[in-house]
$ cat coords_30.cif   # mmCIF, C-alpha atoms
data_data
loop_
_atom_site.group_PDB
_atom_site.id
_atom_site.type_symbol
_atom_site.label_atom_id
_atom_site.label_comp_id
_atom_site.auth_asym_id
_atom_site.auth_seq_id
_atom_site.Cartn_x
_atom_site.Cartn_y
_atom_site.Cartn_z
ATOM 1 C CA MET I 1216 122.134 69.163 82.073
ATOM 2 C CA SER I 1217 122.425 68.285 85.773
ATOM 3 C CA ALA I 1218 119.525 68.810 88.177
ATOM 4 C CA ASP I 1219 121.120 71.866 89.777
ATOM 5 C CA GLU I 1220 122.387 73.458 86.545
ATOM 6 C CA PRO I 1221 120.556 76.608 85.368
ATOM 7 C CA ILE I 1222 118.327 76.038 82.361
ATOM 8 C CA LEU I 1223 119.751 79.186 80.752
ATOM 9 C CA GLN I 1224 123.218 80.694 81.190
ATOM 10 C CA VAL I 1225 124.530 83.860 79.577
ATOM 11 C CA GLU I 1226 128.238 84.631 79.966
ATOM 12 C CA GLY I 1227 130.122 87.731 78.826
ATOM 13 C CA LEU I 1228 127.481 88.684 76.273
ATOM 14 C CA GLN I 1229 128.352 91.525 73.911
ATOM 15 C CA VAL I 1230 125.823 92.665 71.303
ATOM 16 C CA GLY I 1231 126.314 95.570 68.924
ATOM 17 C CA TYR I 1232 124.813 97.514 66.066
ATOM 18 C CA GLY I 1233 127.419 98.936 63.715
ATOM 19 C CA ARG I 1234 130.093 100.526 65.866
ATOM 20 C CA VAL I 1235 127.870 100.784 68.932
ATOM 21 C CA ASP I 1236 127.836 98.121 71.655
ATOM 22 C CA ALA I 1237 124.308 97.871 73.083
ATOM 23 C CA VAL I 1238 125.296 95.112 75.533
ATOM 24 C CA ARG I 1239 128.723 94.845 77.150
ATOM 25 C CA GLY I 1240 129.890 91.820 79.114
ATOM 26 C CA VAL I 1241 126.518 90.780 80.518
ATOM 27 C CA SER I 1242 126.331 87.521 82.478
ATOM 28 C CA PHE I 1243 123.346 85.992 84.248
ATOM 29 C CA GLU I 1244 121.724 82.654 85.044
ATOM 30 C CA VAL I 1245 118.124 81.494 84.990
ATOM 31 C CA PRO I 1246 117.179 78.555 87.236
ATOM 32 C CA ALA I 1247 114.634 76.108 85.828
ATOM 33 C CA GLY I 1248 111.097 77.059 86.811
ATOM 34 C CA ALA I 1249 112.039 80.556 87.976
ATOM 35 C CA LEU I 1250 110.803 83.967 86.894
ATOM 36 C CA VAL I 1251 113.838 86.160 86.258
ATOM 37 C CA THR I 1252 113.490 89.796 85.237
ATOM 38 C CA LEU I 1253 115.824 92.203 83.469
ATOM 39 C CA VAL I 1254 114.893 95.782 84.292
ATOM 40 C CA GLY I 1255 116.254 99.177 83.328
ATOM 41 C CA ALA I 1256 115.498 102.319 81.372
ATOM 42 C CA ASN I 1257 114.895 102.459 77.638
ATOM 43 C CA GLY I 1258 118.159 101.869 75.793
ATOM 44 C CA ALA I 1259 119.692 99.806 78.596
ATOM 45 C CA GLY I 1260 120.103 96.775 76.325
ATOM 46 C CA LYS I 1261 117.271 94.592 77.624
ATOM 47 C CA THR I 1262 115.662 93.803 74.267
ATOM 48 C CA SER I 1263 119.052 93.187 72.649
ATOM 49 C CA ILE I 1264 119.779 90.528 75.275
ATOM 50 C CA LEU I 1265 116.477 88.764 74.673
ATOM 51 C CA ASN I 1266 116.937 88.893 70.907
ATOM 52 C CA ALA I 1267 120.381 87.346 71.256
ATOM 53 C CA VAL I 1268 119.043 84.565 73.474
ATOM 54 C CA ALA I 1269 116.176 83.952 71.016
ATOM 55 C CA GLY I 1270 118.593 83.604 68.086
ATOM 56 C CA LEU I 1271 117.488 86.809 66.358
ATOM 57 C CA LEU I 1272 120.819 88.584 66.913
ATOM 58 C CA ARG I 1273 124.280 87.073 66.718
ATOM 59 C CA PRO I 1274 126.457 88.205 69.639
ATOM 60 C CA ARG I 1275 129.860 89.706 69.028
ATOM 61 C CA ARG I 1276 131.235 87.904 72.064
ATOM 62 C CA GLY I 1277 130.034 85.697 74.863
ATOM 63 C CA THR I 1278 128.284 82.386 75.297
ATOM 64 C CA ILE I 1279 124.629 81.403 75.635
ATOM 65 C CA ARG I 1280 123.867 77.944 77.025
ATOM 66 C CA PHE I 1281 120.450 76.314 77.098
ATOM 67 C CA ARG I 1282 120.134 73.109 79.112
ATOM 68 C CA GLY I 1283 123.923 72.932 79.153
ATOM 69 C CA THR I 1284 124.322 73.164 75.374
ATOM 70 C CA ASP I 1285 126.116 76.055 73.684
ATOM 71 C CA VAL I 1286 123.402 77.692 71.540
ATOM 72 C CA THR I 1287 125.187 80.994 70.916
ATOM 73 C CA ARG I 1288 125.015 80.701 67.125
ATOM 74 C CA TRP I 1289 121.738 78.862 66.797
ATOM 75 C CA PRO I 1290 119.133 80.575 64.570
ATOM 76 C CA ALA I 1291 115.710 81.493 65.920
ATOM 77 C CA HIS I 1292 113.807 78.555 64.416
ATOM 78 C CA LYS I 1293 116.231 76.100 66.011
ATOM 79 C CA MET I 1294 115.817 77.801 69.386
ATOM 80 C CA VAL I 1295 112.039 77.480 69.123
ATOM 81 C CA ARG I 1296 112.334 73.778 68.337
ATOM 82 C CA ALA I 1297 114.674 73.347 71.312
ATOM 83 C CA GLY I 1298 112.229 75.013 73.708
ATOM 84 C CA VAL I 1299 112.840 78.773 73.786
ATOM 85 C CA ALA I 1300 109.983 81.019 72.594
ATOM 86 C CA GLN I 1301 109.768 84.808 72.615
ATOM 87 C CA VAL I 1302 106.872 87.232 72.931
ATOM 88 C CA PRO I 1303 108.417 90.276 71.228
ATOM 89 C CA GLU I 1304 108.168 93.908 72.205
ATOM 90 C CA GLY I 1305 105.135 95.422 70.505
ATOM 91 C CA ARG I 1306 103.533 91.950 70.259
ATOM 92 C CA GLU I 1307 104.122 91.669 66.465
ATOM 93 C CA ILE I 1308 100.949 89.761 65.741
ATOM 94 C CA LEU I 1309 99.972 89.368 62.090
ATOM 95 C CA ALA I 1310 97.156 91.889 61.971
ATOM 96 C CA THR I 1311 95.547 90.823 58.690
ATOM 97 C CA LEU I 1312 95.415 87.147 59.638
ATOM 98 C CA THR I 1313 92.699 85.826 61.913
ATOM 99 C CA VAL I 1314 93.245 85.010 65.554
ATOM 100 C CA ALA I 1315 93.060 81.315 64.662
ATOM 101 C CA GLU I 1316 95.660 81.687 61.912
ATOM 102 C CA ASN I 1317 98.027 83.526 64.255
ATOM 103 C CA LEU I 1318 97.746 80.732 66.803
ATOM 104 C CA ALA I 1319 98.278 78.037 64.185
ATOM 105 C CA LEU I 1320 101.538 79.705 63.160
ATOM 106 C CA GLY I 1321 102.744 79.492 66.756
ATOM 107 C CA GLY I 1322 102.684 75.717 66.503
ATOM 108 C CA TRP I 1323 104.267 75.397 63.055
ATOM 109 C CA HIS I 1324 106.632 72.692 64.308
ATOM 110 C CA ARG I 1325 104.272 70.851 66.654
ATOM 111 C CA GLY I 1326 102.471 68.588 64.202
ATOM 112 C CA ARG I 1327 100.076 66.293 66.040
ATOM 113 C CA THR I 1328 99.982 68.356 69.233
ATOM 114 C CA ARG I 1329 99.249 71.699 67.576
ATOM 115 C CA ALA I 1330 95.447 71.329 67.551
ATOM 116 C CA ARG I 1331 95.481 70.240 71.184
ATOM 117 C CA ASN I 1332 97.671 73.185 72.148
ATOM 118 C CA VAL I 1333 95.432 75.660 70.304
ATOM 119 C CA ALA I 1334 92.392 74.224 72.107
ATOM 120 C CA ALA I 1335 94.201 74.657 75.427
ATOM 121 C CA MET I 1336 94.893 78.306 74.620
ATOM 122 C CA TYR I 1337 91.235 78.902 73.765
ATOM 123 C CA GLU I 1338 90.335 77.443 77.150
ATOM 124 C CA ARG I 1339 92.877 79.629 78.943
ATOM 125 C CA PHE I 1340 91.919 82.777 76.968
ATOM 126 C CA PRO I 1341 88.178 82.562 76.211
ATOM 127 C CA VAL I 1342 88.177 85.935 74.436
ATOM 128 C CA LEU I 1343 90.484 84.479 71.783
ATOM 129 C CA HIS I 1344 88.046 81.662 71.159
ATOM 130 C CA GLU I 1345 85.184 84.135 70.861
ATOM 131 C CA ARG I 1346 87.136 86.166 68.299
ATOM 132 C CA ARG I 1347 89.032 83.380 66.559
ATOM 133 C CA ALA I 1348 87.560 84.213 63.125
ATOM 134 C CA LEU I 1349 88.313 87.944 63.332
ATOM 135 C CA PRO I 1350 91.449 89.651 61.985
ATOM 136 C CA ALA I 1351 93.934 89.919 64.823
ATOM 137 C CA GLY I 1352 94.326 93.636 64.150
ATOM 138 C CA THR I 1353 90.771 94.237 65.365
ATOM 139 C CA LEU I 1354 91.605 93.114 68.899
ATOM 140 C CA SER I 1355 92.282 95.595 71.686
ATOM 141 C CA GLY I 1356 95.849 96.093 72.895
ATOM 142 C CA GLY I 1357 95.332 93.792 75.850
ATOM 143 C CA GLU I 1358 93.734 91.117 73.698
ATOM 144 C CA GLN I 1359 96.612 91.332 71.227
ATOM 145 C CA GLN I 1360 99.049 90.824 74.090
ATOM 146 C CA MET I 1361 97.132 87.730 75.206
ATOM 147 C CA LEU I 1362 97.227 86.474 71.598
ATOM 148 C CA ALA I 1363 100.988 87.007 71.417
ATOM 149 C CA ILE I 1364 101.491 85.102 74.684
ATOM 150 C CA ALA I 1365 99.165 82.286 73.582
ATOM 151 C CA ARG I 1366 100.961 82.020 70.231
ATOM 152 C CA ALA I 1367 104.271 81.527 72.038
ATOM 153 C CA LEU I 1368 102.855 79.000 74.519
ATOM 154 C CA ILE I 1369 101.550 76.807 71.679
ATOM 155 C CA ALA I 1370 105.216 76.104 70.905
ATOM 156 C CA GLU I 1371 105.454 74.361 74.313
ATOM 157 C CA PRO I 1372 108.490 76.345 75.473
ATOM 158 C CA ALA I 1373 110.612 75.366 78.447
ATOM 159 C CA VAL I 1374 111.732 79.021 78.574
ATOM 160 C CA LEU I 1375 109.401 81.883 77.671
ATOM 161 C CA LEU I 1376 111.025 85.243 76.860
ATOM 162 C CA LEU I 1377 108.643 88.171 77.467
ATOM 163 C CA ASP I 1378 109.663 91.581 76.140
ATOM 164 C CA GLU I 1379 107.798 94.566 77.645
ATOM 165 C CA PRO I 1380 104.405 92.846 77.988
ATOM 166 C CA SER I 1381 102.844 95.844 79.768
ATOM 167 C CA MET I 1382 103.840 98.390 77.121
ATOM 168 C CA GLY I 1383 100.979 100.700 76.120
ATOM 169 C CA LEU I 1384 98.354 98.933 78.216
ATOM 170 C CA ALA I 1385 95.897 100.420 80.720
ATOM 171 C CA PRO I 1386 96.631 99.648 84.409
ATOM 172 C CA LYS I 1387 93.757 97.163 84.715
ATOM 173 C CA ILE I 1388 94.987 95.266 81.649
ATOM 174 C CA VAL I 1389 98.526 95.283 83.035
ATOM 175 C CA ASP I 1390 97.120 93.539 86.127
ATOM 176 C CA ASP I 1391 95.579 90.889 83.868
ATOM 177 C CA VAL I 1392 98.829 90.384 81.950
ATOM 178 C CA PHE I 1393 100.872 89.928 85.120
ATOM 179 C CA ALA I 1394 98.293 87.483 86.452
ATOM 180 C CA VAL I 1395 98.780 85.427 83.282
ATOM 181 C CA ILE I 1396 102.571 85.601 83.659
ATOM 182 C CA GLU I 1397 102.374 84.249 87.195
ATOM 183 C CA GLN I 1398 100.026 81.472 86.046
ATOM 184 C CA ILE I 1399 102.527 80.497 83.348
ATOM 185 C CA ARG I 1400 105.357 80.314 85.861
ATOM 186 C CA ALA I 1401 103.125 78.267 88.195
ATOM 187 C CA THR I 1402 102.801 75.586 85.502
ATOM 188 C CA GLY I 1403 106.578 75.074 85.543
ATOM 189 C CA THR I 1404 107.542 77.174 82.538
ATOM 190 C CA THR I 1405 110.676 79.242 83.119
ATOM 191 C CA VAL I 1406 110.084 82.938 82.396
ATOM 192 C CA VAL I 1407 112.593 85.653 81.495
ATOM 193 C CA LEU I 1408 110.814 88.991 81.714
ATOM 194 C CA VAL I 1409 112.092 92.262 80.270
ATOM 195 C CA GLU I 1410 110.089 95.150 81.643
ATOM 196 C CA GLN I 1411 110.470 98.907 82.011
ATOM 197 C CA ASN I 1412 108.024 98.885 84.941
ATOM 198 C CA ALA I 1413 110.763 97.784 87.300
ATOM 199 C CA ARG I 1414 108.697 97.806 90.482
ATOM 200 C CA ARG I 1415 105.994 95.580 89.006
ATOM 201 C CA ALA I 1416 108.494 93.218 87.406
ATOM 202 C CA LEU I 1417 110.557 92.781 90.580
ATOM 203 C CA ALA I 1418 107.407 92.216 92.629
ATOM 204 C CA ALA I 1419 106.548 89.254 90.384
ATOM 205 C CA ALA I 1420 110.061 87.824 89.965
ATOM 206 C CA ASP I 1421 112.290 85.451 91.901
ATOM 207 C CA TYR I 1422 115.531 87.047 90.733
ATOM 208 C CA GLY I 1423 116.348 90.366 89.129
ATOM 209 C CA TYR I 1424 119.123 91.988 87.114
ATOM 210 C CA VAL I 1425 119.244 95.759 86.722
ATOM 211 C CA LEU I 1426 120.805 97.057 83.512
ATOM 212 C CA GLU I 1427 122.210 100.472 82.738
ATOM 213 C CA THR I 1428 123.726 101.348 79.333
ATOM 214 C CA GLY I 1429 124.394 97.747 78.433
ATOM 215 C CA GLU I 1430 125.827 96.542 81.730
ATOM 216 C CA ILE I 1431 124.415 94.901 84.853
ATOM 217 C CA THR I 1432 124.698 97.265 87.805
ATOM 218 C CA HIS I 1433 122.708 95.357 90.439
ATOM 219 C CA SER I 1434 121.524 91.774 90.793
ATOM 220 C CA GLY I 1435 120.054 89.434 93.367
ATOM 221 C CA PRO I 1436 116.800 88.059 94.739
ATOM 222 C CA ALA I 1437 113.988 90.302 93.511
ATOM 223 C CA ASP I 1438 112.669 91.107 96.982
ATOM 224 C CA GLN I 1439 116.116 92.306 98.034
ATOM 225 C CA LEU I 1440 116.385 94.561 94.986
ATOM 226 C CA LEU I 1441 112.974 96.020 95.790
ATOM 227 C CA ALA I 1442 114.301 96.960 99.235
ATOM 228 C CA ASP I 1443 117.711 98.233 98.041
ATOM 229 C CA GLU I 1444 117.866 102.004 98.508
ATOM 230 C CA ARG I 1445 120.239 102.409 95.560
ATOM 231 C CA VAL I 1446 117.839 100.605 93.249
ATOM 232 C CA ILE I 1447 114.839 102.489 94.635
ATOM 233 C CA GLU I 1448 116.478 105.855 94.097
ATOM 234 C CA ALA I 1449 117.816 105.105 90.621
ATOM 235 C CA TYR I 1450 115.069 103.003 89.078
ATOM 236 C CA LEU I 1451 111.924 102.696 91.169
ATOM 237 C CA GLY I 1452 111.241 106.206 92.388
ATOM 238 C CA ILE I 1453 109.638 107.132 95.665
ATOM 239 C CA GLU I 1454 105.990 106.272 96.347
#

$ encode --input "coords_30.cif" --output "structure tokens"
Amino acid sequence: MSADEPILQVEGLQVGYGRVDAVRGVSFEVPAGALVTLVGANGAGKTSILNAVAGLLRPRRGTIRFRGTDVTRWPAHKMVRAGVAQVPEGREILATLTVAENLALGGWHRGRTRARNVAAMYERFPVLHERRALPAGTLSGGEQQMLAIARALIAEPAVLLLDEPSMGLAPKIVDDVFAVIEQIRATGTTVVLVEQNARRALAAADYGYVLETGEITHSGPADQLLADERVIEAYLGIE
């Protein structure tokens, strides 16, 4: 991977379920250290793209490259080892396990550094340390989202995939989540953010791609998309 090569490249991606194509010919690039967002309405194909990148779905067509290597057919565990971790839609924490057990699972492949990484997450998210012995299902929605993010960060990802992190959260908690996302990006971790709250996502991002029924309809620097009248009318609404 050369210095100016994107850390993640998706070319001509097609993902389907049965006879239905959820994603059709999607291409985008993610520069190292950037925060790139995919926005669009429910059913636009955003989660399918992330799941394909994470190795959870096998594309019908197209190529996914990570650090210059073709990873299109790599399974999820191999992607995690390589440096791509996902925070899934709905968080998907293990509710009956403790907070500590959930975090330990995030570093299943880290060996000697796992304990250090867990300690770092407790320092970053003090509420998780306070509640480390409690079942994860007893946490509030916002706390569960922080746990899901911390669990992914313990894997030491170069690219963090975030799927709808604001879903179902109160506005104040959404502010907290986006503050954490910007802190993560500030540490040098590349972030790919899927988010239905297009205005908030574009305000935080460097670059944006707008999806509609499985295809990219608009793309460019996030601040330009925020000012694009076509995007405002179709996706952002009038304030």

$ residues_around --input "coords_30.cif" --residues "Glu1304 (chain I)" --least-positions-apart "5" --cutoff "8 Å" --atoms "only C-alpha atoms" --output "PyMOL selection string"
chain I and resi 1262+1377-1380+1382

$ residues_around --input "coords_30.cif" --residues "region 1336-1338 of chain I" --least-positions-apart "5" --cutoff "12 Å" --atoms "all atoms listed in the file" --output "list in words"
Val1314, Ala1315, Leu1318, Ala1319, Gly1321, Gly1322, Arg1329, Ala1330, Arg1331, Leu1343, His1344, Glu1345, Arg1346, Arg1347, Met1361, Leu1362, Ala1363, Ile1364, Ala1365, Arg1366, Ala1367, Leu1368, Ile1369, Ala1370, Glu1371, Val1395 and Ile1399 of chain I

$ residues_around --input "coords_30.cif" --residues "Tyr1424 (chain I)" --least-positions-apart "2" --cutoff "12 Å" --atoms "all atoms listed in the file" --output "JSON list (two decimals) with C-alpha atoms, in the frame of the given file"
[["chain", "number", "residue", "atom", "x", "y", "z"],
["I", 1241, "VAL", "CA", 126.52, 90.78, 80.52],
["I", 1242, "SER", "CA", 126.33, 87.52, 82.48],
["I", 1243, "PHE", "CA", 123.35, 85.99, 84.25],
["I", 1244, "GLU", "CA", 121.72, 82.65, 85.04],
["I", 1245, "VAL", "CA", 118.12, 81.49, 84.99],
["I", 1250, "LEU", "CA", 110.80, 83.97, 86.89],
["I", 1251, "VAL", "CA", 113.84, 86.16, 86.26],
["I", 1252, "THR", "CA", 113.49, 89.80, 85.24],
["I", 1253, "LEU", "CA", 115.82, 92.20, 83.47],
["I", 1254, "VAL", "CA", 114.89, 95.78, 84.29],
["I", 1255, "GLY", "CA", 116.25, 99.18, 83.33],
["I", 1259, "ALA", "CA", 119.69, 99.81, 78.60],
["I", 1260, "GLY", "CA", 120.10, 96.78, 76.32],
["I", 1261, "LYS", "CA", 117.27, 94.59, 77.62],
["I", 1264, "ILE", "CA", 119.78, 90.53, 75.28],
["I", 1407, "VAL", "CA", 112.59, 85.65, 81.50],
["I", 1408, "LEU", "CA", 110.81, 88.99, 81.71],
["I", 1409, "VAL", "CA", 112.09, 92.26, 80.27],
["I", 1410, "GLU", "CA", 110.09, 95.15, 81.64],
["I", 1413, "ALA", "CA", 110.76, 97.78, 87.30],
["I", 1416, "ALA", "CA", 108.49, 93.22, 87.41],
["I", 1417, "LEU", "CA", 110.56, 92.78, 90.58],
["I", 1420, "ALA", "CA", 110.06, 87.82, 89.96],
["I", 1421, "ASP", "CA", 112.29, 85.45, 91.90],
["I", 1422, "TYR", "CA", 115.53, 87.05, 90.73],
["I", 1426, "LEU", "CA", 120.80, 97.06, 83.51],
["I", 1427, "GLU", "CA", 122.21, 100.47, 82.74],
["I", 1429, "GLY", "CA", 124.39, 97.75, 78.43],
["I", 1430, "GLU", "CA", 125.83, 96.54, 81.73],
["I", 1431, "ILE", "CA", 124.42, 94.90, 84.85],
["I", 1432, "THR", "CA", 124.70, 97.26, 87.80],
["I", 1433, "HIS", "CA", 122.71, 95.36, 90.44],
["I", 1434, "SER", "CA", 121.52, 91.77, 90.79],
["I", 1435, "GLY", "CA", 120.05, 89.43, 93.37],
["I", 1436, "PRO", "CA", 116.80, 88.06, 94.74],
["I", 1437, "ALA", "CA", 113.99, 90.30, 93.51],
["I", 1438, "ASP", "CA", 112.67, 91.11, 96.98],
["I", 1439, "GLN", "CA", 116.12, 92.31, 98.03],
["I", 1440, "LEU", "CA", 116.38, 94.56, 94.99],
["I", 1441, "LEU", "CA", 112.97, 96.02, 95.79],
["I", 1446, "VAL", "CA", 117.84, 100.60, 93.25],
["I", 1450, "TYR", "CA", 115.07, 103.00, 89.08]]

$ resolve_selection --input "coords_30.cif" --expression "the PyMOL selection byres ((chain I and resi 1285-1298) around 7)" --output "number ranges by chain"
I: 1269-1271, 1273, 1278-1281, 1283-1284, 1299-1300, 1371-1374

$ atom_distance --input "coords_30.cif" --atom1 "CA of Val1406 (chain I)" --atom2 "CA of Ala1419 (chain I)"
10.8 Å

$ resolve_selection --input "coords_30.cif" --expression "the PyMOL selection byres ((chain I and resi 1352) around 7)" --output "list in words"
Ala1310, Thr1311, Pro1350, Ala1351, Thr1353 and Leu1354 of chain I

$ closest_residue --input "coords_30.cif" --among "I:Ala1401, I:Ala1247, I:Ala1385, I:Leu1320" --to "Gly1356 (chain I)" --atoms "only C-alpha atoms"
I:Ala1385

$ atom_distance --input "coords_30.cif" --atom1 "CA of Ala1348 (chain I)" --atom2 "CA of Val1389 (chain I)"
25.3 Å

$ resolve_selection --input "coords_30.cif" --expression "the PyMOL selection byres ((chain I and resi 1392) around 9)" --output "PyMOL selection string"
chain I and resi 1357+1360-1361+1380-1381+1387-1391+1393-1397

$ atom_distance --input "coords_30.cif" --atom1 "CA of Gly1248 (chain I)" --atom2 "CA of Thr1402 (chain I)"
8.5 Å

$ closest_residue --input "coords_30.cif" --among "I:Arg1400, I:Arg1414, I:Arg1445, I:Arg1306" --to "Gly1383 (chain I)" --atoms "only C-alpha atoms"
I:Arg1306

$ closest_residue --input "coords_30.cif" --among "I:Asp1443, I:Asn1257, I:Leu1312, I:Gln1398" --to "Asn1412 (chain I)" --atoms "only C-alpha atoms"
I:Asn1257
